[in-house]
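A.B. asks: Input structure: final.txt, which contains compact mmCIF, C-alpha atoms.
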```
# COMPACT_ATOMS: atom_id res chain seq x y z
CA MET J 14 18.27 15.36 -17.93
CA ALA J 15 22.02 15.20 -17.33
CA LEU J 16 23.31 13.75 -14.08
CA SER J 17 27.01 14.39 -14.22
CA VAL J 18 27.51 14.80 -10.49
CA VAL J 19 28.66 12.06 -8.15
CA ARG J 20 26.25 13.01 -5.38
CA TRP J 21 22.53 12.90 -6.08
CA GLY J 22 21.50 16.51 -5.57
CA GLY J 23 21.82 20.08 -6.78
CA PRO J 24 20.67 21.42 -10.16
CA ALA J 25 21.02 18.07 -11.92
CA ALA J 26 18.58 16.40 -9.57
CA ARG J 27 16.23 19.36 -9.52
CA SER J 28 16.01 19.24 -13.31
CA LEU J 29 13.99 16.06 -12.93
CA ARG J 30 11.07 17.92 -11.37
CA GLY J 31 7.93 17.81 -13.44
CA LYS J 32 8.92 14.63 -15.30
CA GLY J 33 6.37 12.46 -13.49
CA ARG J 34 4.09 11.92 -16.46
CA ALA J 35 6.48 9.91 -18.63
CA LEU J 36 8.81 6.95 -18.27
CA SER J 37 12.14 8.53 -19.03
CA ARG J 38 15.24 6.73 -20.27
CA ALA J 39 18.30 7.81 -18.31
CA THR J 40 20.95 9.54 -20.39
CA ALA J 41 23.58 9.89 -17.69
CA PRO J 42 24.80 7.78 -14.77
CA PHE J 43 23.23 7.76 -11.33
CA ARG J 44 25.99 7.77 -8.71
CA PRO J 45 24.69 8.24 -5.18
CA GLY J 46 27.25 8.92 -2.45
CA ARG J 47 25.02 7.87 0.46
CA VAL J 48 22.43 5.09 0.52
CA ALA J 49 20.10 4.05 3.32
CA VAL J 50 19.20 0.36 3.20
CA LEU J 51 15.92 -0.43 4.95
CA SER J 52 15.74 -4.11 5.91
CA LYS J 53 12.41 -5.75 6.66
CA THR J 54 11.70 -7.44 9.98
CA THR J 55 11.46 -11.15 9.27
CA ARG J 56 8.82 -13.31 10.90
CA PHE J 57 11.61 -15.01 12.86
CA GLU J 58 12.80 -11.66 14.26
CA PHE J 59 9.23 -10.57 14.95
CA GLU J 60 8.49 -13.69 16.99
CA GLN J 61 11.71 -13.24 18.94
CA GLU J 62 10.93 -9.60 19.76
CA ARG J 63 7.33 -10.36 20.69
CA GLY J 64 8.43 -13.12 23.06
CA ARG J 65 10.82 -10.76 24.84
CA ALA J 66 8.23 -7.98 25.01
CA GLU J 67 5.62 -10.29 26.50
CA GLY J 68 8.07 -11.84 28.96
CA GLU J 69 7.54 -15.27 27.42
CA ARG J 70 9.39 -17.91 29.41
CA ARG J 71 9.07 -20.66 26.84
CA GLY J 72 11.68 -20.95 24.15
CA LEU J 73 10.89 -19.69 20.66
CA ARG J 74 10.89 -23.20 19.21
CA GLU J 75 8.32 -24.39 21.77
CA ARG J 76 6.13 -21.30 21.37
CA LEU J 77 6.08 -21.63 17.59
CA ALA J 78 5.21 -25.32 17.86
CA THR J 79 2.06 -24.47 19.83
CA LYS J 80 0.92 -22.35 16.87
CA GLY J 81 1.81 -24.94 14.28
CA SER J 82 4.69 -22.85 12.91
CA SER J 83 8.03 -24.30 11.93
CA TYR J 84 11.05 -22.94 13.81
CA SER J 85 13.48 -24.32 11.24
CA GLY J 86 11.37 -22.98 8.36
CA LEU J 87 11.25 -19.45 9.76
CA LEU J 88 14.96 -19.55 10.56
CA GLU J 89 15.73 -20.66 7.02
CA ARG J 90 13.77 -17.75 5.48
CA HIS J 91 15.43 -15.35 7.92
CA THR J 92 18.86 -16.65 6.89
CA VAL J 93 18.06 -16.25 3.18
CA HIS J 94 16.85 -12.69 3.70
CA SER J 95 19.84 -11.73 5.87
CA ALA J 96 22.32 -13.09 3.32
CA ASN J 97 20.72 -11.11 0.50
CA VAL J 98 20.68 -7.92 2.58
CA GLN J 99 24.36 -8.37 3.32
CA HIS J 100 25.00 -8.86 -0.40
CA VAL J 101 23.35 -5.50 -1.11
CA VAL J 102 25.35 -3.73 1.60
CA ASP J 103 28.65 -5.31 0.55
CA THR J 104 28.04 -4.37 -3.08
CA LEU J 105 27.41 -0.73 -2.21
CA HIS J 106 30.49 -0.62 0.00
CA LYS J 107 32.65 -1.99 -2.82
CA GLU J 108 31.43 0.87 -5.01
CA GLY J 109 32.66 3.37 -2.44
CA ILE J 110 29.15 4.29 -1.32
CA GLU J 111 28.47 5.18 2.32
CA VAL J 112 25.72 2.92 3.68
CA ARG J 113 23.42 2.98 6.67
CA LEU J 114 21.53 -0.25 7.32
CA VAL J 115 18.36 0.34 9.35
CA LYS J 116 15.31 -1.53 10.58
CA ARG J 117 11.78 -0.19 10.67
CA ARG J 118 11.97 1.46 14.09
CA ASP J 119 15.14 3.35 13.08
CA TYR J 120 13.84 4.49 9.70
CA THR J 121 13.29 8.20 10.29
CA GLU J 122 13.00 11.43 8.35
CA GLU J 123 16.58 12.17 9.42
CA ILE J 124 17.81 9.00 7.70
CA VAL J 125 15.89 9.92 4.54
CA GLN J 126 17.35 13.42 4.48
CA TRP J 127 20.86 12.02 4.94
CA ALA J 128 20.62 9.59 2.04
CA ASP J 129 20.86 10.27 -1.68
CA ALA J 130 18.78 7.15 -2.37
CA ILE J 131 16.85 4.52 -0.43
CA VAL J 132 17.20 0.79 -1.05
CA SER J 133 14.28 -1.27 0.23
CA ALA J 134 15.50 -4.76 1.21
CA GLY J 135 12.47 -7.00 1.60
CA GLY J 136 9.28 -7.28 -0.40
CA ASP J 137 6.47 -4.97 -1.46
CA GLY J 138 5.58 -4.17 2.15
CA THR J 139 9.09 -2.92 2.83
CA MET J 140 8.99 -0.91 -0.39
CA LEU J 141 5.78 0.77 0.76
CA LEU J 142 7.36 1.55 4.12
CA SER J 143 10.47 2.96 2.41
CA ALA J 144 8.31 5.26 0.28
CA SER J 145 6.20 6.44 3.22
CA LYS J 146 8.86 8.85 4.48
CA VAL J 147 10.09 10.08 1.10
CA PHE J 148 8.53 13.29 -0.20
CA GLY J 149 9.22 14.99 -3.49
CA GLN J 150 10.42 13.62 -6.80
CA ILE J 151 14.22 13.66 -6.54
CA LYS J 152 15.06 10.94 -3.99
CA PRO J 153 14.93 7.53 -5.71
CA VAL J 154 13.63 4.47 -3.90
CA ILE J 155 14.87 1.11 -5.23
CA GLY J 156 13.34 -2.18 -4.13
CA VAL J 157 15.29 -5.45 -3.83
CA ASN J 158 13.32 -8.64 -3.23
CA THR J 159 15.35 -10.46 -0.56
CA ASP J 160 13.25 -13.65 -0.53
CA PRO J 161 11.95 -14.24 -4.08
CA GLU J 162 10.76 -17.77 -3.26
CA ARG J 163 8.21 -16.43 -0.79
CA SER J 164 7.52 -12.91 -2.06
CA GLN J 165 6.24 -11.71 -5.43
CA GLY J 166 7.85 -8.29 -5.17
CA HIS J 167 5.91 -6.39 -7.84
CA LEU J 168 7.51 -3.11 -6.77
CA CYS J 169 11.05 -4.49 -6.63
CA LEU J 170 13.76 -4.92 -9.23
CA PRO J 171 13.55 -8.10 -11.32
CA VAL J 172 14.44 -11.20 -9.31
CA ARG J 173 17.73 -11.78 -11.12
CA TYR J 174 19.21 -8.72 -9.37
CA THR J 175 18.60 -10.17 -5.90
CA HIS J 176 21.77 -12.27 -6.21
CA ARG J 177 23.44 -9.99 -8.77
CA PHE J 178 22.92 -6.59 -7.24
CA SER J 179 26.32 -5.49 -8.54
CA GLU J 180 24.87 -5.70 -12.07
CA ALA J 181 22.07 -3.37 -11.06
CA VAL J 182 24.55 -0.89 -9.58
CA GLN J 183 26.65 -0.97 -12.75
CA LYS J 184 23.59 -0.25 -14.89
CA LEU J 185 22.76 2.71 -12.67
CA ARG J 186 26.32 3.99 -12.99
CA GLN J 187 26.20 3.62 -16.78
CA GLY J 188 22.75 5.14 -17.24
CA GLU J 189 21.27 1.86 -18.52
CA PHE J 190 17.91 2.23 -16.80
CA SER J 191 14.70 4.23 -16.86
CA TRP J 192 13.18 6.59 -14.34
CA GLN J 193 9.59 6.05 -13.35
CA TRP J 194 7.59 8.47 -11.22
CA ARG J 195 4.81 6.62 -9.44
CA GLN J 196 1.89 8.85 -8.52
CA ARG J 197 0.68 8.87 -4.91
CA ILE J 198 -2.50 9.90 -3.12
CA ARG J 199 -2.43 12.76 -0.64
CA ILE J 200 -5.04 12.99 2.09
CA CYS J 201 -6.50 16.02 3.88
CA LEU J 202 -8.60 15.56 7.06
CA GLU J 203 -11.10 18.01 8.48
CA GLY J 204 -14.34 18.07 10.45
CA ALA J 205 -15.46 17.05 13.91
CA GLY J 206 -13.51 14.68 16.09
CA ILE J 207 -10.58 14.08 13.77
CA ASN J 208 -7.37 12.65 15.18
CA PRO J 209 -4.45 12.85 12.71
CA THR J 210 -2.23 10.73 14.97
CA PRO J 211 -1.38 7.56 13.04
CA VAL J 212 -1.18 3.99 14.31
CA ASP J 213 1.68 1.95 12.87
CA LEU J 214 0.36 -1.48 11.92
CA HIS J 215 3.89 -2.88 11.50
CA GLU J 216 4.96 -5.45 8.95
CA GLN J 217 3.07 -8.17 10.81
CA GLN J 218 -0.72 -8.16 10.78
CA LEU J 219 -2.29 -7.01 14.04
CA SER J 220 -5.22 -8.89 15.50
CA LEU J 221 -8.53 -7.05 15.71
CA GLU J 222 -8.10 -6.54 19.45
CA GLN J 223 -4.56 -5.19 19.01
CA HIS J 224 -5.72 -2.85 16.21
CA LEU J 225 -8.57 -1.38 18.25
CA THR J 226 -6.42 -1.12 21.38
CA ALA J 227 -3.72 0.69 19.43
CA HIS J 228 -6.21 3.33 18.28
CA ARG J 229 -7.52 3.82 21.82
CA ASN J 230 -3.99 4.29 23.13
CA VAL J 231 -2.76 6.93 20.69
CA ALA J 232 -2.64 10.51 21.82
CA GLN J 233 -6.01 12.21 21.51
CA PRO J 234 -6.30 15.69 20.01
CA ALA J 235 -6.50 18.64 22.36
CA PRO J 236 -10.05 20.00 22.96
CA CYS J 237 -9.40 23.04 20.83
CA ASP J 238 -8.47 20.75 17.93
CA VAL J 239 -11.55 18.53 18.06
CA VAL J 240 -13.30 20.59 15.39
CA SER J 241 -11.03 21.76 12.62
CA SER J 242 -12.16 24.28 10.03
CA ASP J 243 -8.91 24.02 8.09
CA PRO J 244 -8.00 20.75 6.37
CA GLN J 245 -4.95 19.01 7.81
CA LEU J 246 -2.63 17.45 5.27
CA LEU J 247 -1.54 14.06 6.59
CA SER J 248 2.17 13.31 6.66
CA VAL J 249 1.81 10.16 4.54
CA ARG J 250 1.23 9.55 0.85
CA ALA J 251 -0.43 6.40 -0.47
CA LEU J 252 1.64 4.59 -3.06
CA ASN J 253 -0.78 1.65 -3.35
CA GLU J 254 -4.17 2.43 -1.86
CA VAL J 255 -6.31 3.94 0.88
CA PHE J 256 -9.04 1.82 2.46
CA VAL J 257 -11.90 3.17 4.57
CA GLY J 258 -14.17 0.90 6.58
CA GLU J 259 -15.60 -0.11 9.93
CA SER J 260 -13.64 -2.38 12.23
CA LEU J 261 -15.35 -5.52 13.46
CA SER J 262 -16.37 -4.81 17.01
CA SER J 263 -18.64 -6.12 19.75
CA ARG J 264 -18.88 -2.63 21.25
CA LEU J 265 -22.09 -0.87 20.28
CA PRO J 266 -22.76 1.60 23.11
CA TYR J 267 -25.98 3.09 21.80
CA HIS J 268 -27.83 -0.21 21.54
CA SER J 269 -29.12 -2.72 24.04
CA HIS J 270 -27.10 -5.83 24.89
CA LYS J 271 -29.37 -7.93 22.68
CA GLN J 272 -28.84 -5.59 19.75
CA SER J 273 -25.10 -5.54 20.41
CA LEU J 274 -24.96 -9.30 20.01
CA LYS J 275 -26.89 -8.98 16.77
CA PHE J 276 -24.47 -6.48 15.29
CA SER J 277 -21.23 -7.84 16.79
CA LEU J 278 -20.38 -10.20 13.94
CA HIS J 279 -20.28 -7.55 11.24
CA ARG J 280 -21.05 -3.89 10.90
CA ALA J 281 -21.46 -2.28 7.50
CA SER J 282 -19.55 0.90 6.81
CA TYR J 283 -21.71 4.02 6.53
CA TYR J 284 -20.42 7.21 4.96
CA GLU J 285 -21.17 9.82 2.31
CA ILE J 286 -19.01 10.32 -0.75
CA SER J 287 -18.59 13.03 -3.37
CA ILE J 288 -16.83 12.23 -6.64
CA ASP J 289 -15.06 15.12 -8.39
CA ASP J 290 -16.97 17.68 -6.29
CA GLY J 291 -20.28 16.13 -7.34
CA PRO J 292 -23.35 15.69 -5.10
CA TRP J 293 -22.98 13.77 -1.84
CA GLU J 294 -24.39 10.23 -1.80
CA LYS J 295 -25.15 8.07 1.24
CA HIS J 296 -23.40 4.72 1.07
CA LYS J 297 -23.50 1.59 3.16
CA ASN J 298 -21.17 -1.26 2.22
CA SER J 299 -18.20 -3.29 3.41
CA GLY J 300 -15.62 -0.62 2.68
CA LEU J 301 -14.18 1.78 0.14
CA ASN J 302 -10.88 1.22 -1.67
CA MET J 303 -9.08 4.03 -3.54
CA CYS J 304 -5.91 3.16 -5.41
CA THR J 305 -3.18 4.53 -7.65
CA GLY J 306 -1.92 2.96 -10.86
CA THR J 307 0.69 1.19 -8.75
CA GLY J 308 -2.03 -0.23 -6.52
CA SER J 309 -4.27 -1.19 -9.44
CA LYS J 310 -2.42 -4.51 -9.62
CA ALA J 311 -2.89 -5.22 -5.93
CA TRP J 312 -5.98 -5.30 -3.67
CA SER J 313 -8.11 -3.24 -6.05
CA TYR J 314 -7.52 -5.77 -8.82
CA ASN J 315 -8.59 -8.67 -6.63
CA ILE J 316 -11.71 -6.81 -5.48
CA ASN J 317 -12.91 -6.22 -9.04
CA LYS J 318 -11.54 -9.01 -11.22
CA LEU J 319 -13.91 -11.51 -12.82
CA ALA J 320 -13.47 -15.28 -12.87
CA TYR J 321 -13.87 -17.33 -16.04
CA GLN J 322 -16.99 -18.99 -14.61
CA GLU J 323 -18.70 -15.65 -14.03
CA VAL J 324 -17.98 -14.47 -17.57
CA GLU J 325 -19.17 -17.75 -19.02
CA ASP J 326 -22.45 -17.47 -17.09
CA LEU J 327 -22.98 -13.89 -18.26
CA LEU J 328 -22.26 -14.76 -21.89
CA SER J 329 -24.74 -17.64 -21.68
CA ILE J 330 -27.42 -15.32 -20.31
CA ALA J 331 -26.65 -12.73 -23.02
CA LYS J 332 -26.91 -15.40 -25.68
CA GLU J 333 -30.24 -16.62 -24.34
CA LYS J 334 -31.81 -13.17 -23.92
CA SER J 335 -30.56 -11.70 -27.18
CA ARG J 336 -31.19 -14.88 -29.17
CA VAL J 337 -27.91 -14.30 -30.98
CA ASP J 338 -26.01 -17.34 -32.18
CA LEU J 339 -22.93 -16.61 -30.09
CA PRO J 340 -20.40 -19.46 -30.06
CA ILE J 341 -19.44 -19.63 -26.39
CA ASN J 342 -16.22 -21.58 -26.09
CA GLN J 343 -13.21 -21.54 -23.79
CA GLU J 344 -11.22 -19.21 -26.06
CA LEU J 345 -13.96 -16.56 -26.11
CA VAL J 346 -14.52 -16.78 -22.37
CA GLU J 347 -10.80 -16.38 -21.69
CA GLN J 348 -10.48 -13.45 -24.10
CA VAL J 349 -13.41 -11.55 -22.57
CA THR J 350 -12.27 -12.28 -19.02
CA ASP J 351 -8.68 -11.25 -19.65
CA HIS J 352 -9.76 -8.10 -21.52
CA TYR J 353 -11.98 -6.98 -18.64
CA ASN J 354 -9.44 -7.78 -15.95
CA GLN J 355 -6.67 -5.96 -17.81
CA SER J 356 -8.89 -2.88 -18.05
CA LEU J 357 -8.66 -2.60 -14.25
CA ILE J 358 -4.93 -1.91 -14.44
CA PHE J 359 -3.55 1.51 -15.34
CA CYS J 360 -0.16 3.15 -15.55
CA PRO J 361 1.52 4.04 -12.22
CA GLU J 362 2.34 7.47 -13.68
CA ASP J 363 -1.28 8.40 -14.47
CA PRO J 364 -2.40 11.17 -12.06
CA LYS J 365 -5.77 9.69 -11.15
CA ILE J 366 -7.52 7.54 -8.54
CA PHE J 367 -9.51 4.36 -9.11
CA PHE J 368 -12.19 3.77 -6.47
CA SER J 369 -14.05 0.55 -5.64
CA ILE J 370 -17.11 0.26 -3.43
CA ARG J 371 -17.21 -3.20 -1.90
CA GLU J 372 -20.57 -5.01 -1.67
CA PRO J 373 -22.79 -1.90 -1.83
CA ILE J 374 -26.20 -1.96 -0.17
CA VAL J 375 -28.74 -0.24 -2.43
CA ASN J 376 -32.27 0.63 -1.27
CA ARG J 377 -34.50 3.69 -0.94
CA VAL J 378 -32.08 5.24 1.60
CA PHE J 379 -28.67 4.28 0.31
CA THR J 380 -27.55 4.80 -3.27
CA SER J 381 -24.62 3.75 -5.39
CA SER J 382 -24.66 5.40 -8.79
CA GLN J 383 -21.13 4.10 -9.41
CA HIS J 384 -19.61 0.99 -7.86
CA ARG J 385 -16.20 1.71 -9.32
CA GLY J 386 -14.50 4.22 -11.57
CA PHE J 387 -11.80 6.85 -12.05
CA THR J 388 -11.72 10.19 -10.31
CA ASN J 389 -9.38 13.12 -9.76
CA LYS J 390 -10.84 13.95 -6.37
CA MET J 391 -12.69 11.83 -3.83
CA SER J 392 -14.30 13.23 -0.68
CA VAL J 393 -15.55 10.92 2.08
CA ARG J 394 -17.59 11.99 5.12
CA SER J 395 -17.65 9.35 7.84
CA ARG J 396 -20.86 8.26 9.56
CA CYS J 397 -19.13 5.31 11.18
CA TRP J 398 -18.90 4.13 14.79
CA ASP J 399 -15.46 2.60 14.90
CA ALA J 400 -13.81 3.06 11.53
CA CYS J 401 -10.26 3.35 10.27
CA MET J 402 -8.64 4.83 7.22
CA VAL J 403 -5.67 2.61 6.35
CA VAL J 404 -2.89 3.85 4.06
CA ASP J 405 -0.90 1.20 2.18
CA GLY J 406 -1.85 -1.41 4.75
CA GLY J 407 0.71 -0.01 7.21
CA THR J 408 -0.62 3.24 8.68
CA SER J 409 -4.08 3.61 10.20
CA PHE J 410 -6.04 6.71 11.21
CA GLU J 411 -9.29 7.00 13.13
CA PHE J 412 -12.11 7.90 10.79
CA ASN J 413 -15.37 8.24 12.69
CA ASP J 414 -18.59 10.25 12.52
CA GLY J 415 -18.02 13.81 11.32
CA ALA J 416 -14.54 13.34 9.89
CA ILE J 417 -14.06 14.30 6.25
CA ALA J 418 -11.22 13.05 4.07
CA THR J 419 -10.34 14.58 0.72
CA LEU J 420 -8.10 12.48 -1.53
CA THR J 421 -6.29 13.91 -4.54
CA VAL J 422 -3.21 13.25 -6.66
CA ASN J 423 -0.61 15.99 -6.85
CA GLU J 424 2.27 15.38 -9.23
CA GLU J 425 4.81 16.89 -6.84
CA ASP J 426 4.16 13.89 -4.56
CA ALA J 427 5.24 11.37 -7.22
CA LEU J 428 7.80 8.81 -6.06
CA CYS J 429 10.98 8.47 -8.10
CA THR J 430 11.78 4.81 -8.83
CA VAL J 431 14.10 2.89 -11.13
CA VAL J 432 13.16 0.46 -13.90
CA LEU J 433 15.69 -2.14 -15.03
CA GLU J 434 15.17 -4.69 -17.77
CA GLU J 435 14.95 -8.38 -16.91
```
I'd like the structure from this file rewritten - as structure tokens, please.
C.D. replies:
Amino acid sequence: MALSVVRWGGPAARSLRGKGRALSRATAPFRPGRVAVLSKTTRFEFEQERGRAEGERRGLRERLATKGSSYSGLLERHTVHSANVQHVVDTLHKEGIEVRLVKRRDYTEEIVQWADAIVSAGGDGTMLLSASKVFGQIKPVIGVNTDPERSQGHLCLPVRYTHRFSEAVQKLRQGEFSWQWRQRIRICLEGAGINPTPVDLHEQQLSLEQHLTAHRNVAQPAPCDVVSSDPQLLSVRALNEVFVGESLSSRLPYHSHKQSLKFSLHRASYYEISIDDGPWEKHKNSGLNMCTGTGSKAWSYNINKLAYQEVEDLLSIAKEKSRVDLPINQELVEQVTDHYNQSLIFCPEDPKIFFSIREPIVNRVFTSSQHRGFTNKMSVRSRCWDACMVVDGGTSFEFNDGAIATLTVNEEDALCTVVLEE
């Protein structure tokens, strides 16, 4: 796996294809000639831009005060982030590397093609955005946590490199790092009424009204495309997870006004699923989460993890029913809890999907033979009124009655990332 070239490309880079199943220690330096640095939009910048877009006459300080937000606090975090981004850019320049610093709206496929590597300057959300436009296994994406005090940054380099990015660059140049290929989920859509046009949810969370309005405003498919016999491969890959579920909505056009009020507070998600080409099952629940090994530490983990109190209650019931003299103490409870919770996490390089069905409704109509588990292929047929399929929390697609999504893991979609020691 020799990388003797200065630029990241050519035969040396192509030799890395097919290495996605194993963490591989670099044996030669990584010396990119061009790097695109994607900087997150801070909350301070977001509030400024939103005020201008909405024609807000009040000053930012006054507008934030009405929401109970601190102007000085947001400015401070913005200043910290900006200083750390500049540190990254300056470091790359000193190494003779050509740099393009871009924000979200300017992060395009053209920028990705230009660069030999992408540096994500932000947190995990920015890392997910950086990865969303990178396809194939030979363009590394490196995450730098630019505000470690406020962001965990699981997908970023260790925190020490935030202020010492030059050390990280030197380790790359000397081959003192490991490659890691993180598997991603690809999605194919087919069926009636599909609309593959995505809605960008941005780095800031949209309100329900904004989310629904955004979907209504996107371009609708042409009449000839309403029913598609051929699956359409979406132009995104999920590094963390894919979530399918109904939006909360007060619109229920096929019911009376009285019924609409009844169902306006919450609507269960209704769809059919097939696991590994198995039989279709009808499901009604509060949503379906499908994650990679990378995402197994994120939302999926919090959906499925057990608390110490729950484990203690279960052990007490088991002791009572089995009449076994089981010494239930804090150490045992912690060991069982930690063992179960750790079993929910798997290697980012494993080519499989972990699915979780949230709060399943089980009766004579709706089944749920498995609430969670591993699969190589998941198919979902929507029976929803106003549902979305959200990829990595940042890109949303309409997913209503008749649409079918097929989710698989293909190793050629794996994302090339860098692992540095603490």
A.B. asks: Measuring between all atoms listed in the file, which one of J:Thr380, J:Thr408, J:Arg65, J:Asp326 shows the shortest distance to J:Pro292?
C.D. replies: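 Smallest distance to J:Pro292 is found for J:Thr380.
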A.B. asks: Considering all atoms listed in the file, state which residue in the set J:Ala96, J:Gly149, J:Gln322, J:Glu75 is at the smallest distance from J:Glu425.
C.D. replies: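 Checking each of J:Ala96, J:Gly149, J:Gln322, J:Glu75 against J:Glu425, counting all atoms listed in the file, the winner is J:Gly149.
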A.B. asks: Hey, can you check how far atom CA of J:Leu73 sits from atom CA of J:Ser52?
C.D. replies: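 Distance reported for this atom pair: 22.0 Å.
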A.B. asks: Record the distance separating atom CA of J:Gly64 and atom CA of J:Leu87, expressed in Å with one decimal.
C.D. replies: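 Taking atom CA of J:Gly64 and atom CA of J:Leu87, their separation equals 15.0 Å.
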A.B. asks: Counting all atoms listed in the file, which residue out of J:Ser83, J:Gln183, J:Thr139, J:Ser191 sits closest to J:Leu433?
C.D. replies: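 Nearest candidate to J:Leu433 out of J:Ser83, J:Gln183, J:Thr139, J:Ser191: J:Ser191.
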A.B. asks: For J:Leu114, list every protein, DNA or RNA residue within 9 Å, evaluated using all atoms listed in the file, and leave out those in the same chain fewer than 4 positions away; present the list as a list in words.
C.D. replies: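 Once the nearby chain positions are removed, what remains is Val48, Ala49, Val50, Leu51, Ser52 and Val102 of chain J.
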A.B. asks: Which residue, J:Thr54, J:Ser133, J:Gln383, J:Thr419, has the smallest gap to J:Cys169 when you use all atoms listed in the file?
C.D. replies: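 Smallest distance to J:Cys169 is found for J:Ser133.
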A.B. asks: Nearest to J:Val147 among J:Ser356, J:Thr121, J:Asn97, J:Asn317, with distances taken over all atoms listed in the file: which residue is it?
C.D. replies: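 Checking each of J:Ser356, J:Thr121, J:Asn97, J:Asn317 against J:Val147, counting all atoms listed in the file, the winner is J:Thr121.
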A.B. asks: What separation in Å, quoted to one decimal, exists between atom CA of J:Arg197 and atom CA of J:Gly258?
C.D. replies: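 Atom-to-atom, atom CA of J:Arg197 and atom CA of J:Gly258 are spaced 20.4 Å apart.
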A.B. asks: Quick one: everything within 12 Å of J:Asn376, counting only C-alpha atoms, minus sequence neighbours fewer than 2 positions away in the same chain. Send it as a PyMOL selection string.
C.D. replies: chain J and resi 295-298+373-374+378-382
A.B. asks: Since the input is missing atoms, can you rebuild N, CA, C and O atoms for stretch 284-295 of chain J and write them as a PDB file, keeping the file's coordinate frame?
C.D. replies:
```pdb
ATOM      1  N   TYR J 284     -21.042   5.914   5.202  1.00  0.00           N
ATOM      2  CA  TYR J 284     -20.420   7.210   4.960  1.00  0.00           C
ATOM      3  C   TYR J 284     -21.067   7.857   3.745  1.00  0.00           C
ATOM      4  O   TYR J 284     -21.892   7.255   3.053  1.00  0.00           O
ATOM      5  N   GLU J 285     -20.714   9.094   3.490  1.00  0.00           N
ATOM      6  CA  GLU J 285     -21.170   9.820   2.310  1.00  0.00           C
ATOM      7  C   GLU J 285     -19.958  10.113   1.448  1.00  0.00           C
ATOM      8  O   GLU J 285     -18.876  10.400   1.965  1.00  0.00           O
ATOM      9  N   ILE J 286     -20.142  10.038   0.136  1.00  0.00           N
ATOM     10  CA  ILE J 286     -19.010  10.320  -0.750  1.00  0.00           C
ATOM     11  C   ILE J 286     -19.420  11.325  -1.827  1.00  0.00           C
ATOM     12  O   ILE J 286     -20.581  11.409  -2.223  1.00  0.00           O
ATOM     13  N   SER J 287     -18.427  12.082  -2.259  1.00  0.00           N
ATOM     14  CA  SER J 287     -18.590  13.030  -3.370  1.00  0.00           C
ATOM     15  C   SER J 287     -17.454  12.776  -4.348  1.00  0.00           C
ATOM     16  O   SER J 287     -16.284  12.782  -3.969  1.00  0.00           O
ATOM     17  N   ILE J 288     -17.811  12.535  -5.601  1.00  0.00           N
ATOM     18  CA  ILE J 288     -16.830  12.230  -6.640  1.00  0.00           C
ATOM     19  C   ILE J 288     -16.624  13.456  -7.513  1.00  0.00           C
ATOM     20  O   ILE J 288     -17.590  13.985  -8.094  1.00  0.00           O
ATOM     21  N   ASP J 289     -15.386  13.938  -7.579  1.00  0.00           N
ATOM     22  CA  ASP J 289     -15.060  15.120  -8.390  1.00  0.00           C
ATOM     23  C   ASP J 289     -15.976  16.297  -8.079  1.00  0.00           C
ATOM     24  O   ASP J 289     -16.534  16.947  -8.981  1.00  0.00           O
ATOM     25  N   ASP J 290     -16.152  16.553  -6.781  1.00  0.00           N
ATOM     26  CA  ASP J 290     -16.970  17.680  -6.290  1.00  0.00           C
ATOM     27  C   ASP J 290     -18.446  17.554  -6.702  1.00  0.00           C
ATOM     28  O   ASP J 290     -19.181  18.556  -6.724  1.00  0.00           O
ATOM     29  N   GLY J 291     -18.887  16.354  -7.008  1.00  0.00           N
ATOM     30  CA  GLY J 291     -20.280  16.130  -7.340  1.00  0.00           C
ATOM     31  C   GLY J 291     -21.150  16.049  -6.098  1.00  0.00           C
ATOM     32  O   GLY J 291     -20.672  16.265  -4.973  1.00  0.00           O
ATOM     33  N   PRO J 292     -22.441  15.752  -6.251  1.00  0.00           N
ATOM     34  CA  PRO J 292     -23.350  15.690  -5.100  1.00  0.00           C
ATOM     35  C   PRO J 292     -22.945  14.566  -4.136  1.00  0.00           C
ATOM     36  O   PRO J 292     -22.385  13.542  -4.538  1.00  0.00           O
ATOM     37  N   TRP J 293     -23.266  14.772  -2.858  1.00  0.00           N
ATOM     38  CA  TRP J 293     -22.980  13.770  -1.840  1.00  0.00           C
ATOM     39  C   TRP J 293     -24.008  12.640  -1.934  1.00  0.00           C
ATOM     40  O   TRP J 293     -25.187  12.886  -2.107  1.00  0.00           O
ATOM     41  N   GLU J 294     -23.524  11.408  -1.811  1.00  0.00           N
ATOM     42  CA  GLU J 294     -24.390  10.230  -1.800  1.00  0.00           C
ATOM     43  C   GLU J 294     -24.170   9.448  -0.515  1.00  0.00           C
ATOM     44  O   GLU J 294     -23.037   9.302  -0.049  1.00  0.00           O
ATOM     45  N   LYS J 295     -25.257   8.937   0.055  1.00  0.00           N
ATOM     46  CA  LYS J 295     -25.150   8.070   1.240  1.00  0.00           C
ATOM     47  C   LYS J 295     -24.824   6.648   0.786  1.00  0.00           C
ATOM     48  O   LYS J 295     -25.472   6.112  -0.105  1.00  0.00           O
TER      49      LYS J 295
END
```
